[in-house]
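Shown next, in structure tokens, is the structure this report addresses.
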Amino acid sequence: MSRCQSIYKPFVLLLTVVFCLLFTVSASADTKNTLREETIVIGVISSNPKKAFKRTQPFADYLAENLSNHGIKTGQVAVARDFRQMARWIKSDHVDLVSETVFAAQELTQSTGAELLARRWKSGVAEYHSIFFSKLNNGVDSLDDLRGKTVVFEDVGSTSAFLVPAAILLEQGYELFELSSPREHPPEDTIGYFLSDEYSKSGGESNMMSWVYRNIVASAAFSNLDWEKEIPEQVKQQLQVIHTSQPIPRSLILTRPSLPYEFKQDLLAVLLSAHESEEGKQALKAYKNTKKFDAITPEVLNSLSWAATQKLLVDGYISR
């Protein structure tokens, strides 16, 4: 064998290996892209991925089955750990649709270009509102009576038990004063508040109601749904609702901005008709007891506009 031949053969072998590797990478990329094009992905923000998958996967399967005319073969669930991760996934086309509250939906549309598609009747209801309530005959019959007293909210991420009620107070010109416990007292010209979830690991509506009932705080604020579900009738008789917010959608469906128009229209049609079949009803029930989906109306858009204004108020207060 000549010296040239001894050099040439390893060189040919090296080129063959490189070519095979490039072909394999290219084929893998093509397969990955093809699989993505054949999959519809529902995004969920949750700290409990196992529960999120269990609730959402049947609905993802239902959508995939009913969008097969677009080449969709499978439905997947992508669970984000927080809002920022979900926003990145929408921007990068990692998810196709997501269900969120009014405040989160409004922020996603602004930060990612996500588009509103439908209203979701989550937990069986189309809309809800926040209420402030107090103990009967304790001198707190209106928001103005809260000056120098304390109201308890749930946590800063709660739409109905912080964002909406805090925005209402700020919009009406009241100055808020954050406390660390229900035993502290705010300045006389302010309305004190603390967060039940930060104060107690066993926070929530029952504790909030108990603090009002026992005259430890002057008022609490959460959703009318929790008022109806969590407060026993005999206790309600000794409480009173002193303020009610305007109603807001329970949940909204958004899609990534790059979703093709025809696909989006067919997806909307599938959503709007899901409650009409037995198969669809079963998928909706698993999807956190969703009753149905309906169209985005001018009232819903007004709610989003209102939410944007309220969010600015709360964000401005928090960032002071």
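Ligands are numbered from 1 in the order shown, residues from 1 within each chain, and chains are lettered A, B, ... in the order they appear in the structure tokens.
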
Run DSSP on the backbone of this structure and report the residues of range 249-315 of chain A it assigns to strand (DSSP E or B), as a PDB file with N, CA, C and O atoms, in the first residue's frame.
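In the end it all went to out-v2.pdb:
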```
ATOM      1  N   PRO A 249     -64.527  37.436  33.996  1.00  0.00           N
ATOM      2  CA  PRO A 249     -64.556  36.049  33.519  1.00  0.00           C
ATOM      3  C   PRO A 249     -63.783  35.127  34.458  1.00  0.00           C
ATOM      4  O   PRO A 249     -62.745  35.506  35.003  1.00  0.00           O
ATOM      5  N   SER A 251     -62.255  32.353  33.595  1.00  0.00           N
ATOM      6  CA  SER A 251     -61.004  31.958  32.944  1.00  0.00           C
ATOM      7  C   SER A 251     -61.109  32.216  31.450  1.00  0.00           C
ATOM      8  O   SER A 251     -62.213  32.224  30.889  1.00  0.00           O
ATOM      9  N   LEU A 252     -59.976  32.443  30.815  1.00  0.00           N
ATOM     10  CA  LEU A 252     -59.935  32.733  29.388  1.00  0.00           C
ATOM     11  C   LEU A 252     -58.947  31.808  28.682  1.00  0.00           C
ATOM     12  O   LEU A 252     -57.923  31.437  29.255  1.00  0.00           O
ATOM     13  N   ILE A 253     -59.262  31.443  27.449  1.00  0.00           N
ATOM     14  CA  ILE A 253     -58.362  30.632  26.628  1.00  0.00           C
ATOM     15  C   ILE A 253     -57.594  31.552  25.686  1.00  0.00           C
ATOM     16  O   ILE A 253     -58.188  32.380  24.984  1.00  0.00           O
ATOM     17  N   LEU A 254     -56.269  31.406  25.684  1.00  0.00           N
ATOM     18  CA  LEU A 254     -55.411  32.172  24.783  1.00  0.00           C
ATOM     19  C   LEU A 254     -54.608  31.211  23.920  1.00  0.00           C
ATOM     20  O   LEU A 254     -54.308  30.085  24.330  1.00  0.00           O
ATOM     21  N   THR A 255     -54.237  31.672  22.731  1.00  0.00           N
ATOM     22  CA  THR A 255     -53.404  30.874  21.834  1.00  0.00           C
ATOM     23  C   THR A 255     -52.114  31.617  21.526  1.00  0.00           C
ATOM     24  O   THR A 255     -52.041  32.848  21.640  1.00  0.00           O
ATOM     25  N   PHE A 293     -67.271  26.271  26.785  1.00  0.00           N
ATOM     26  CA  PHE A 293     -66.569  27.463  26.325  1.00  0.00           C
ATOM     27  C   PHE A 293     -67.558  28.306  25.535  1.00  0.00           C
ATOM     28  O   PHE A 293     -68.440  27.772  24.858  1.00  0.00           O
ATOM     29  N   ASP A 294     -67.411  29.628  25.612  1.00  0.00           N
ATOM     30  CA  ASP A 294     -68.220  30.479  24.750  1.00  0.00           C
ATOM     31  C   ASP A 294     -67.365  31.604  24.178  1.00  0.00           C
ATOM     32  O   ASP A 294     -66.182  31.734  24.504  1.00  0.00           O
TER      33      ASP A 294
END
```

Report task. Mind checking which residues fall within 10 Å of Thr109 in chain A, counting only C-alpha atoms, ignoring those fewer than 6 positions away in the same chain, and posting them as a list in words? Result -> Ala87, Glu115, Leu116, Leu254, Thr255, Arg256 and Pro257 of chain A

Report task. Do a neighbour search on range 221-234 of chain A at 12 Å with only C-alpha atoms, toss out local chain neighbours closer than 6 positions, and write the hits as a ChimeraX atom specification. Result -> /A:122-134,143,150-155,158-169,193-196,204-213,240-248,250

Query raised in the report: Any idea what the distance is between CA of Val41 in chain A and CA of Leu301 in chain A?
Result: 25.2 Å

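For the pair CA of Ser305 in chain A and CA of Leu108 in chain A, the separation is 13.4 Å.
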